[in-house]
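The data block below is coords06.tsv; it holds TSV, C-alpha atoms and all ligand atoms.
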```tsv
chain	number	residue	atom	x	y	z
A	375	MET	CA	-2.85	14.28	12.24
A	376	GLN	CA	-3.61	11.28	14.43
A	377	ALA	CA	-1.80	8.07	13.45
A	378	ASP	CA	-3.91	4.98	12.71
A	379	PHE	CA	-2.71	3.21	15.84
A	380	GLU	CA	-3.69	6.17	18.04
A	381	GLN	CA	-7.16	6.48	16.53
A	382	ASN	CA	-7.73	2.73	16.78
A	383	ALA	CA	-6.50	2.52	20.37
A	384	ALA	CA	-8.85	5.37	21.36
A	385	PHE	CA	-11.74	3.56	19.63
A	386	HIS	CA	-10.97	0.26	21.36
A	387	ASN	CA	-10.67	2.01	24.72
A	388	ARG	CA	-14.26	3.19	24.21
A	389	VAL	CA	-15.69	-0.16	23.11
A	390	ALA	CA	-13.71	-2.36	25.53
A	391	PRO	CA	-16.48	-2.80	28.15
A	392	SER	CA	-18.99	-3.95	25.48
A	393	TYR	CA	-16.51	-5.80	23.21
A	394	ASP	CA	-17.31	-9.35	24.33
A	395	ALA	CA	-21.03	-8.87	23.59
A	396	ARG	CA	-20.13	-7.63	20.07
A	397	VAL	CA	-18.38	-10.89	19.22
A	398	SER	CA	-20.86	-13.32	20.76
A	399	GLY	CA	-22.87	-14.17	17.61
A	400	PRO	CA	-22.90	-17.80	16.41
A	401	ASN	CA	-20.49	-17.20	13.51
A	402	GLU	CA	-18.02	-15.33	15.71
A	403	VAL	CA	-18.16	-18.02	18.38
A	404	LEU	CA	-17.59	-20.73	15.75
A	405	ALA	CA	-14.68	-18.77	14.18
A	406	ARG	CA	-13.01	-18.37	17.57
A	407	LYS	CA	-13.41	-22.06	18.39
A	408	ALA	CA	-11.88	-23.06	15.04
A	409	PHE	CA	-9.01	-20.56	15.36
A	410	GLN	CA	-8.12	-21.81	18.83
A	411	ALA	CA	-8.29	-25.41	17.58
A	412	LEU	CA	-5.87	-24.61	14.74
A	413	VAL	CA	-3.43	-23.07	17.20
A	414	ALA	CA	-3.65	-26.21	19.35
A	415	ARG	CA	-3.19	-28.41	16.25
A	416	TYR	CA	0.14	-26.84	15.28
A	417	VAL	CA	1.67	-25.45	18.45
A	418	PRO	CA	2.50	-27.93	21.24
A	419	ALA	CA	1.10	-27.22	24.70
A	420	GLY	CA	3.78	-25.78	26.96
A	421	SER	CA	4.95	-23.40	24.20
A	422	THR	CA	4.92	-19.64	24.59
A	423	LEU	CA	2.37	-17.72	22.50
A	424	LEU	CA	2.40	-14.05	21.67
A	425	ASP	CA	-1.26	-13.00	21.39
A	426	PHE	CA	-0.84	-9.85	19.30
A	427	GLY	CA	-3.89	-7.56	19.65
A	428	CYS	CA	-5.14	-9.76	22.48
A	429	GLY	CA	-8.21	-7.61	23.18
A	430	THR	CA	-10.18	-8.59	26.28
A	431	GLY	CA	-8.43	-11.94	26.67
A	432	LEU	CA	-11.07	-14.30	25.24
A	433	ASP	CA	-8.28	-16.28	23.54
A	434	ALA	CA	-5.55	-15.71	26.14
A	435	MET	CA	-7.75	-17.29	28.81
A	436	GLU	CA	-8.30	-20.39	26.66
A	437	TYR	CA	-4.62	-20.64	25.66
A	438	ALA	CA	-3.63	-20.54	29.34
A	439	ARG	CA	-6.19	-23.28	30.06
A	440	LEU	CA	-4.67	-25.39	27.26
A	441	GLY	CA	-1.25	-25.13	28.89
A	442	TYR	CA	0.45	-22.31	26.97
A	443	ARG	CA	2.41	-19.45	28.44
A	444	VAL	CA	0.82	-16.30	26.96
A	445	LEU	CA	2.37	-12.92	26.20
A	446	ALA	CA	-0.69	-10.73	25.72
A	447	TYR	CA	-0.08	-7.49	23.85
A	448	ASP	CA	-2.59	-4.84	22.82
A	449	ASN	CA	-2.10	-1.12	22.37
A	450	SER	CA	-5.50	-0.32	23.91
A	451	ARG	CA	-5.29	0.14	27.68
A	452	GLY	CA	-9.06	-0.35	27.90
A	453	MET	CA	-8.92	-3.78	26.22
A	454	VAL	CA	-5.96	-4.91	28.35
A	455	ALA	CA	-7.83	-3.74	31.49
A	456	GLN	CA	-10.65	-6.14	30.56
A	457	LEU	CA	-8.12	-8.94	30.06
A	458	GLU	CA	-6.56	-8.20	33.42
A	459	GLN	CA	-9.95	-8.64	35.10
A	460	ARG	CA	-10.76	-11.84	33.22
A	461	CYS	CA	-7.36	-13.45	33.67
A	462	ALA	CA	-6.37	-12.14	37.12
A	463	ALA	CA	-5.49	-15.62	38.45
A	464	GLN	CA	-3.41	-16.53	35.36
A	465	ILE	CA	-1.53	-13.23	35.55
A	466	ALA	CA	-0.85	-13.75	39.26
A	467	SER	CA	0.54	-17.23	38.55
A	468	GLY	CA	2.78	-15.92	35.74
A	469	ARG	CA	1.00	-17.90	33.00
A	470	ILE	CA	-0.09	-14.69	31.27
A	471	SER	CA	1.99	-11.51	30.96
A	472	THR	CA	0.49	-8.31	29.56
A	473	SER	CA	1.63	-5.16	27.81
A	474	ASP	CA	-0.30	-2.16	26.53
A	475	ALA	CA	2.73	-0.33	25.14
A	476	ALA	CA	2.05	2.04	22.23
A	477	TYR	CA	2.49	0.34	18.84
A	478	PRO	CA	5.82	2.06	17.99
A	479	ALA	CA	7.21	0.69	21.28
A	480	PHE	CA	6.13	-2.88	20.51
A	481	PRO	CA	9.55	-4.05	19.18
A	482	LYS	CA	11.17	-3.00	22.45
A	483	GLN	CA	8.50	-4.82	24.46
A	484	LEU	CA	8.96	-7.93	22.32
A	485	SER	CA	12.72	-7.91	22.89
A	486	GLN	CA	12.13	-7.86	26.66
A	487	TRP	CA	9.86	-10.91	26.64
A	488	PRO	CA	11.01	-14.53	26.28
A	489	ALA	CA	11.05	-15.51	22.59
A	490	PRO	CA	7.58	-16.88	21.70
A	491	HIS	CA	7.20	-20.08	19.65
A	492	ALA	CA	4.13	-18.70	17.90
A	493	VAL	CA	2.35	-15.44	17.30
A	494	THR	CA	-1.41	-15.37	17.02
A	495	ALA	CA	-3.56	-12.42	15.92
A	496	ASN	CA	-7.25	-13.22	15.95
A	497	PHE	CA	-10.30	-11.24	14.80
A	498	ALA	CA	-8.88	-8.84	12.23
A	499	VAL	CA	-6.17	-7.26	14.38
A	500	LEU	CA	-3.85	-7.07	11.37
A	501	ASN	CA	-6.47	-5.20	9.34
A	502	SER	CA	-5.72	-2.21	11.60
A	503	ILE	CA	-2.17	-2.05	10.28
A	504	ARG	CA	-1.43	-0.74	6.79
A	505	ASP	CA	2.17	-1.84	6.39
A	506	LEU	CA	2.62	-5.36	7.71
A	507	GLN	CA	6.11	-6.12	6.41
A	508	PRO	CA	8.06	-4.46	9.27
A	509	LEU	CA	5.86	-6.25	11.82
A	510	PHE	CA	6.31	-9.64	10.13
A	511	GLU	CA	10.08	-9.07	10.02
A	512	GLU	CA	9.99	-8.31	13.73
A	513	PHE	CA	8.16	-11.59	14.36
A	514	ALA	CA	10.47	-13.56	12.09
A	515	GLY	CA	13.54	-12.23	13.87
A	516	ARG	CA	12.25	-12.95	17.35
A	517	LEU	CA	10.23	-16.19	17.16
A	518	ALA	CA	11.75	-19.35	18.64
A	519	ALA	CA	11.96	-22.30	16.22
A	520	PRO	CA	10.03	-23.35	14.29
A	521	GLY	CA	8.24	-19.99	14.43
A	522	TRP	CA	4.48	-20.13	13.82
A	523	MET	CA	2.33	-17.20	12.76
A	524	ILE	CA	-1.40	-17.94	12.89
A	525	VAL	CA	-3.63	-15.03	11.96
A	526	SER	CA	-7.25	-14.24	11.19
A	527	LEU	CA	-8.06	-11.31	8.92
A	528	LEU	CA	-11.09	-9.94	7.12
A	529	ASN	CA	-11.65	-11.89	3.92
A	530	PRO	CA	-10.89	-9.26	1.23
A	531	ILE	CA	-12.86	-11.13	-1.44
A	532	HIS	CA	-15.96	-11.85	0.62
A	533	TRP	CA	-19.01	-11.55	-1.67
A	534	SER	CA	-20.55	-8.82	0.50
A	535	LYS	CA	-17.53	-6.59	-0.20
A	536	MET	CA	-17.17	-7.55	-3.86
A	537	LYS	CA	-20.76	-6.63	-4.63
A	538	THR	CA	-20.11	-2.95	-3.84
A	539	ARG	CA	-19.08	-0.39	-6.44
A	540	ASP	CA	-16.39	0.97	-4.08
A	541	TRP	CA	-14.65	-2.42	-3.98
A	542	TRP	CA	-14.32	-2.46	-7.79
A	543	ARG	CA	-13.30	1.20	-7.98
A	544	ASP	CA	-10.52	0.53	-5.45
A	545	ALA	CA	-9.56	-2.63	-7.33
A	546	LEU	CA	-8.70	-0.49	-10.35
A	547	ARG	CA	-6.88	2.15	-8.29
A	548	HIS	CA	-4.92	-0.20	-6.02
A	549	PRO	CA	-4.83	-3.61	-7.70
A	550	ARG	CA	-2.26	-4.98	-5.25
A	551	GLY	CA	-3.78	-3.36	-2.13
A	552	PRO	CA	-3.86	-2.77	0.73
A	553	ARG	CA	-7.18	-1.03	0.34
A	554	VAL	CA	-8.63	1.35	2.87
A	555	TYR	CA	-11.71	-0.44	4.20
A	556	THR	CA	-12.96	1.89	6.95
A	557	VAL	CA	-11.78	5.27	8.17
A	558	GLN	CA	-14.32	5.80	10.95
A	559	PRO	CA	-14.73	5.00	13.78
A	560	SER	CA	-11.49	3.06	13.36
A	561	VAL	CA	-9.12	2.71	10.41
A	562	SER	CA	-8.85	-0.64	8.68
A	563	TYR	CA	-7.36	-2.06	5.49
A	564	LEU	CA	-8.14	-5.04	3.32
A	565	HIS	CA	-5.11	-7.25	2.81
A	566	PHE	CA	-5.00	-9.64	-0.14
A	567	VAL	CA	-3.31	-13.01	0.23
A	568	PRO	CA	-0.58	-12.53	-2.42
A	569	ALA	CA	0.41	-9.17	-0.85
A	570	LEU	CA	0.31	-10.70	2.64
A	571	LEU	CA	2.56	-13.56	1.60
A	572	HIS	CA	4.90	-11.05	-0.04
A	573	ALA	CA	5.05	-9.07	3.24
A	574	ALA	CA	5.63	-12.32	5.14
A	575	LYS	CA	8.61	-13.45	3.03
A	576	PRO	CA	10.43	-15.28	5.86
A	577	PHE	CA	7.33	-17.49	6.31
A	578	ARG	CA	5.76	-20.24	4.28
A	579	LEU	CA	1.99	-20.82	3.99
A	580	VAL	CA	1.01	-24.07	5.70
A	581	GLY	CA	-2.76	-23.77	5.40
A	582	ARG	CA	-5.67	-21.42	5.17
A	583	ALA	CA	-9.28	-21.32	6.23
A	584	ASN	CA	-12.43	-19.35	5.61
A	585	ALA	CA	-14.77	-18.75	8.54
A	586	GLY	CA	-18.44	-17.83	8.29
A	587	ALA	CA	-21.56	-19.95	8.74
A	588	LEU	CA	-19.01	-22.76	8.94
A	589	VAL	CA	-15.26	-23.00	8.84
A	590	ARG	CA	-13.27	-24.83	6.18
A	591	TYR	CA	-9.51	-25.32	6.57
A	592	ASP	CA	-7.30	-26.55	3.72
A	593	ALA	CA	-3.67	-27.49	4.13
A	594	ALA	CA	-1.48	-25.71	1.58
A	595	MET	CA	1.32	-28.26	1.64
A	596	PRO	CA	1.48	-31.95	0.79
A	597	PRO	CA	0.36	-34.48	1.89
A	598	ASN	CA	-2.92	-33.30	0.39
A	599	GLU	CA	-5.44	-33.90	3.11
A	600	PRO	CA	-9.18	-33.43	2.85
A	601	PRO	CA	-10.44	-30.12	4.29
A	602	THR	CA	-11.10	-29.85	8.01
A	603	TRP	CA	-14.54	-28.50	8.93
A	604	TRP	CA	-16.05	-26.80	11.94
A	605	MET	CA	-19.83	-26.56	11.94
A	606	PRO	CA	-22.40	-25.03	14.25
A	607	GLU	CA	-23.57	-27.84	16.55
A	608	GLY	CA	-22.07	-30.34	14.12
A	609	ARG	CA	-24.47	-29.47	11.29
A	610	ALA	CA	-23.51	-28.10	7.85
A	611	PRO	CA	-25.71	-25.33	6.41
A	612	ALA	CA	-28.19	-26.73	3.91
A	613	GLY	CA	-29.03	-25.60	0.36
A	614	LEU	CA	-26.89	-23.51	-1.96
A	615	THR	CA	-24.75	-22.07	0.84
A	616	GLY	CA	-23.82	-25.54	2.04
A	617	LYS	CA	-22.99	-26.64	-1.54
A	618	LEU	CA	-20.83	-23.59	-2.33
A	619	TRP	CA	-18.56	-24.34	0.62
A	620	HIS	CA	-17.57	-27.55	-1.19
A	621	THR	CA	-16.51	-25.69	-4.37
A	622	PRO	CA	-13.63	-23.24	-5.04
A	623	ALA	CA	-16.25	-20.47	-4.56
A	624	TYR	CA	-15.87	-21.04	-0.82
A	625	GLN	CA	-13.07	-18.44	-0.99
A	626	LEU	CA	-15.79	-15.81	-1.42
A	627	MET	CA	-17.53	-17.01	1.74
A	628	GLY	CA	-16.86	-16.29	5.37
A	629	HIS	CA	-16.04	-12.88	6.78
A	630	PHE	CA	-12.70	-14.12	8.11
A	631	MET	CA	-9.78	-15.91	6.53
A	632	PHE	CA	-7.18	-17.66	8.66
A	633	LEU	CA	-3.61	-18.12	7.50
A	634	VAL	CA	-1.26	-20.60	9.15
A	635	LEU	CA	2.37	-19.72	8.39
A	636	ARG	CA	5.66	-21.21	9.52
A	637	ARG	CA	9.02	-19.53	9.29
A	638	ASP	CA	11.27	-21.11	6.71
A	639	PRO	CA	14.10	-23.05	8.36
A	701	LIG	C1	-11.36	-6.81	16.87
A	701	LIG	S1	-10.27	-6.71	18.24
A	701	LIG	C2	-9.70	-8.39	18.41
A	701	LIG	C3	-9.29	-8.72	19.83
A	701	LIG	C4	-8.91	-10.16	20.08
A	701	LIG	N1	-7.77	-10.57	19.30
A	701	LIG	C5	-10.05	-11.11	19.86
A	701	LIG	O1	-9.85	-12.14	19.22
A	701	LIG	O2	-11.17	-10.84	20.34
A	701	LIG	C6	-8.82	-5.93	17.55
A	701	LIG	C7	-7.79	-5.66	18.62
A	701	LIG	O3	-6.57	-5.29	17.99
A	701	LIG	C8	-5.99	-4.26	18.75
A	701	LIG	N2	-5.09	-3.51	17.87
A	701	LIG	C9	-5.39	-2.85	16.75
A	701	LIG	N3	-4.28	-2.29	16.22
A	701	LIG	C10	-3.26	-2.64	17.04
A	701	LIG	C11	-1.85	-2.36	17.02
A	701	LIG	N4	-1.29	-1.62	16.05
A	701	LIG	N5	-1.09	-2.86	18.02
A	701	LIG	C12	-1.66	-3.63	18.99
A	701	LIG	N6	-2.97	-3.91	19.07
A	701	LIG	C13	-3.76	-3.42	18.09
A	701	LIG	C14	-7.17	-3.45	19.22
A	701	LIG	O4	-6.87	-2.60	20.31
A	701	LIG	C15	-8.18	-4.54	19.56
A	701	LIG	O5	-8.07	-4.96	20.88
```
For this file, write the structure as structure tokens.
Ligand SMILES: C[S@@+](CC[C@H](N)C(=O)[O-])C[C@H]1O[C@@H](n2cnc3c(N)ncnc32)[C@H](O)[C@@H]1O
Amino acid sequence: MQADFEQNAAFHNRVAPSYDARVSGPNEVLARKAFQALVARYVPAGSTLLDFGCGTGLDAMEYARLGYRVLAYDNSRGMVAQLEQRCAAQIASGRISTSDAAYPAFPKQLSQWPAPHAVTANFAVLNSIRDLQPLFEEFAGRLAAPGWMIVSLLNPIHWSKMKTRDWWRDALRHPRGPRVYTVQPSVSYLHFVPALLHAAKPFRLVGRANAGALVRYDAAMPPNEPPTWWMPEGRAPAGLTGKLWHTPAYQLMGHFMFLVLRRDP
């Protein structure tokens, strides 16, 4: 039987040439902008970033422009080939290094690279992986201090998922998750925040965001700051949607959730 990582790499090899067009909608563009801004907020320029599941290099290109050294890893050769075209100059100058090693060989690849200060995984990369604990332990053991992990996953309690009968059936069968979300054309899992934090024991939650028609980021640690917002062309959505984002119900909104984690000293 084909392992998840093999099936998903084959799928991403097929979609690689059309991937950028698939993530060019207004919500996706806004989510990417907010994610990159959060990375820049916490990780000083000049640091080394591991872009885990880097895809076609939409983020790696921007991180290099912002002054980071980027270690770009993805187990799909097709996706990395797109990145290599996009970022040819940055690769030639040594600002971006790439690897398309198979997922089981990732720890070896990581040990051969300089220790990154932060790992980023944008656009649901981690939803492809069922058991995240070994990966998080790998990151925790290798990251240079202070050790940031900034990730964007599918929001497991988004209203569009919760309104389906399957979601509730799985809730009874696997209350702690992870839940199988899709099996074709690629395999993905829904990860719930408590289970994620349990898998990421060496890390502490610094803040979290939901990203949809707008993006709301809340710090999880004192000092309690007001939320940070990203809005399409600076305008909040009107009506009920706009109001809900200002209530605790915002956790049901936005297809993506971002978690900002820092390794405990
Ligand atoms: C939806 S794309 C996101 C790409 C990129 N991070 C972005 O923001 O556009 C998911 C990526 O994760 C990669 N991926 C999935 N499972 C992986 C694994 N186990 N190891 C490395 N990369 C993986 C896929 O090949 C694909 O490029």
(message) So, with only C-alpha atoms as the atoms that count, which of A:Ser562, A:Thr472, A:Asn496, A:Asn449 lies closest to Val397 (chain A)?
(response)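 Distance minimum relative to Val397 (chain A) lands on A:Asn496.
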(message) Please list as a list in words every residue within 10 Å of Ala585 (chain A), counting all atoms listed in the file and excluding residues in the same chain fewer than 4 positions away.
(response) Asn401, Glu402, Leu404, Ala405, Arg406, Ala408, Phe409, Ser526, Leu528, Asn529, Val589, Arg590, Tyr591, Trp603, Trp604, Met605, Tyr624, Gln625, Met627, Gly628, His629, Phe630, Met631 and Phe632 of chain A
(message) Set the distance at 8 Å and use all atoms listed in the file: which residues neighbour Pro611 (chain A) once local chain neighbours fewer than 3 positions away are removed? I'd like the list as a ChimeraX atom specification.
(response) /A:587-588,615-616
Pick out the residues no farther than 9 Å from ligand LIG 701 (chain A), counting all atoms listed in the file, and list them as a PDB file with C-alpha atoms, in the coordinates of the input.
```pdb
ATOM      1  CA  ASP A 378      -3.910   4.980  12.710  1.00  0.00           C
ATOM      2  CA  PHE A 379      -2.710   3.210  15.840  1.00  0.00           C
ATOM      3  CA  GLU A 380      -3.690   6.170  18.040  1.00  0.00           C
ATOM      4  CA  ASN A 382      -7.730   2.730  16.780  1.00  0.00           C
ATOM      5  CA  ALA A 383      -6.500   2.520  20.370  1.00  0.00           C
ATOM      6  CA  ALA A 384      -8.850   5.370  21.360  1.00  0.00           C
ATOM      7  CA  PHE A 385     -11.740   3.560  19.630  1.00  0.00           C
ATOM      8  CA  HIS A 386     -10.970   0.260  21.360  1.00  0.00           C
ATOM      9  CA  ASN A 387     -10.670   2.010  24.720  1.00  0.00           C
ATOM     10  CA  ALA A 390     -13.710  -2.360  25.530  1.00  0.00           C
ATOM     11  CA  TYR A 393     -16.510  -5.800  23.210  1.00  0.00           C
ATOM     12  CA  ASP A 394     -17.310  -9.350  24.330  1.00  0.00           C
ATOM     13  CA  VAL A 397     -18.380 -10.890  19.220  1.00  0.00           C
ATOM     14  CA  ARG A 406     -13.010 -18.370  17.570  1.00  0.00           C
ATOM     15  CA  ASP A 425      -1.260 -13.000  21.390  1.00  0.00           C
ATOM     16  CA  PHE A 426      -0.840  -9.850  19.300  1.00  0.00           C
ATOM     17  CA  GLY A 427      -3.890  -7.560  19.650  1.00  0.00           C
ATOM     18  CA  CYS A 428      -5.140  -9.760  22.480  1.00  0.00           C
ATOM     19  CA  GLY A 429      -8.210  -7.610  23.180  1.00  0.00           C
ATOM     20  CA  THR A 430     -10.180  -8.590  26.280  1.00  0.00           C
ATOM     21  CA  GLY A 431      -8.430 -11.940  26.670  1.00  0.00           C
ATOM     22  CA  LEU A 432     -11.070 -14.300  25.240  1.00  0.00           C
ATOM     23  CA  ASP A 433      -8.280 -16.280  23.540  1.00  0.00           C
ATOM     24  CA  ALA A 434      -5.550 -15.710  26.140  1.00  0.00           C
ATOM     25  CA  TYR A 447      -0.080  -7.490  23.850  1.00  0.00           C
ATOM     26  CA  ASP A 448      -2.590  -4.840  22.820  1.00  0.00           C
ATOM     27  CA  ASN A 449      -2.100  -1.120  22.370  1.00  0.00           C
ATOM     28  CA  SER A 450      -5.500  -0.320  23.910  1.00  0.00           C
ATOM     29  CA  ARG A 451      -5.290   0.140  27.680  1.00  0.00           C
ATOM     30  CA  GLY A 452      -9.060  -0.350  27.900  1.00  0.00           C
ATOM     31  CA  MET A 453      -8.920  -3.780  26.220  1.00  0.00           C
ATOM     32  CA  VAL A 454      -5.960  -4.910  28.350  1.00  0.00           C
ATOM     33  CA  ASP A 474      -0.300  -2.160  26.530  1.00  0.00           C
ATOM     34  CA  ALA A 475       2.730  -0.330  25.140  1.00  0.00           C
ATOM     35  CA  ALA A 476       2.050   2.040  22.230  1.00  0.00           C
ATOM     36  CA  TYR A 477       2.490   0.340  18.840  1.00  0.00           C
ATOM     37  CA  PRO A 478       5.820   2.060  17.990  1.00  0.00           C
ATOM     38  CA  PHE A 480       6.130  -2.880  20.510  1.00  0.00           C
ATOM     39  CA  THR A 494      -1.410 -15.370  17.020  1.00  0.00           C
ATOM     40  CA  ALA A 495      -3.560 -12.420  15.920  1.00  0.00           C
ATOM     41  CA  ASN A 496      -7.250 -13.220  15.950  1.00  0.00           C
ATOM     42  CA  PHE A 497     -10.300 -11.240  14.800  1.00  0.00           C
ATOM     43  CA  ALA A 498      -8.880  -8.840  12.230  1.00  0.00           C
ATOM     44  CA  VAL A 499      -6.170  -7.260  14.380  1.00  0.00           C
ATOM     45  CA  LEU A 500      -3.850  -7.070  11.370  1.00  0.00           C
ATOM     46  CA  ASN A 501      -6.470  -5.200   9.340  1.00  0.00           C
ATOM     47  CA  SER A 502      -5.720  -2.210  11.600  1.00  0.00           C
ATOM     48  CA  ILE A 503      -2.170  -2.050  10.280  1.00  0.00           C
ATOM     49  CA  SER A 526      -7.250 -14.240  11.190  1.00  0.00           C
ATOM     50  CA  SER A 562      -8.850  -0.640   8.680  1.00  0.00           C
TER      51      SER A 562
END
```
(message) Using only C-alpha atoms, can you tell me which of A:Gln456, A:Pro481, A:Pro559, A:Leu635 comes closest to Met523 (chain A)?
(response)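 Of A:Gln456, A:Pro481, A:Pro559, A:Leu635, the one nearest Met523 (chain A) is A:Leu635, counting only C-alpha atoms.
Picture a line from CA of Trp487 (chain A) to CA of Arg637 (chain A); it runs 19.4 Å.
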(request) State, in Å with one decimal place, the distance from CA of Phe513 (chain A) to CA of Arg636 (chain A). (result)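 Interatomic distance here is 11.1 Å.
One distance worth recording is that between CA of Phe577 (chain A) and CA of Asp638 (chain A), which is 5.4 Å.
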(request) Quick one: everything within 10 Å of Val413 (chain A), counting only C-alpha atoms, minus sequence neighbours fewer than 3 positions away in the same chain. Send it as a list in words. (result)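 So, after excluding close chain neighbours, the residues are Ala408, Phe409, Gln410, Tyr416, Val417, Pro418, Ala419, Leu423, Tyr437, Ala492, Val493, Thr494, Trp522, Met523, Ile524, Val525 and Val634 of chain A.
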(message) So, with all atoms listed in the file as the atoms that count, which of A:Ala573, A:Gly581, A:Gly613, A:Gly586 lies closest to Glu511 (chain A)?
(response)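 Answer, going by the shortest atom-to-atom distance: A:Ala573.
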(request) Find the residues near region 537-553 of chain A: any atom within 8 Å, counting only C-alpha atoms, skip ones fewer than 2 places away on the same chain, and give them as number ranges by chain. (result) A: 504, 533-535, 555, 563-566, 569
(request) Find the residues near Ala518 (chain A): any atom within 7 Å, counting all atoms listed in the file, skip ones fewer than 4 places away on the same chain, and give them as a ChimeraX atom specification. (result) /A:489-491
(request) Select, from A:Ala455, A:Ala395, A:Leu484, A:Leu618, the residue with the minimum atom-to-atom distance to Leu424 (chain A), counting all atoms listed in the file. (result)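 Distance minimum relative to Leu424 (chain A) lands on A:Leu484.
The closest residue to Ala438 (chain A), picked from A:Ser471, A:Gln507, A:Thr602, A:Ser392 and counting only C-alpha atoms, is A:Ser471.
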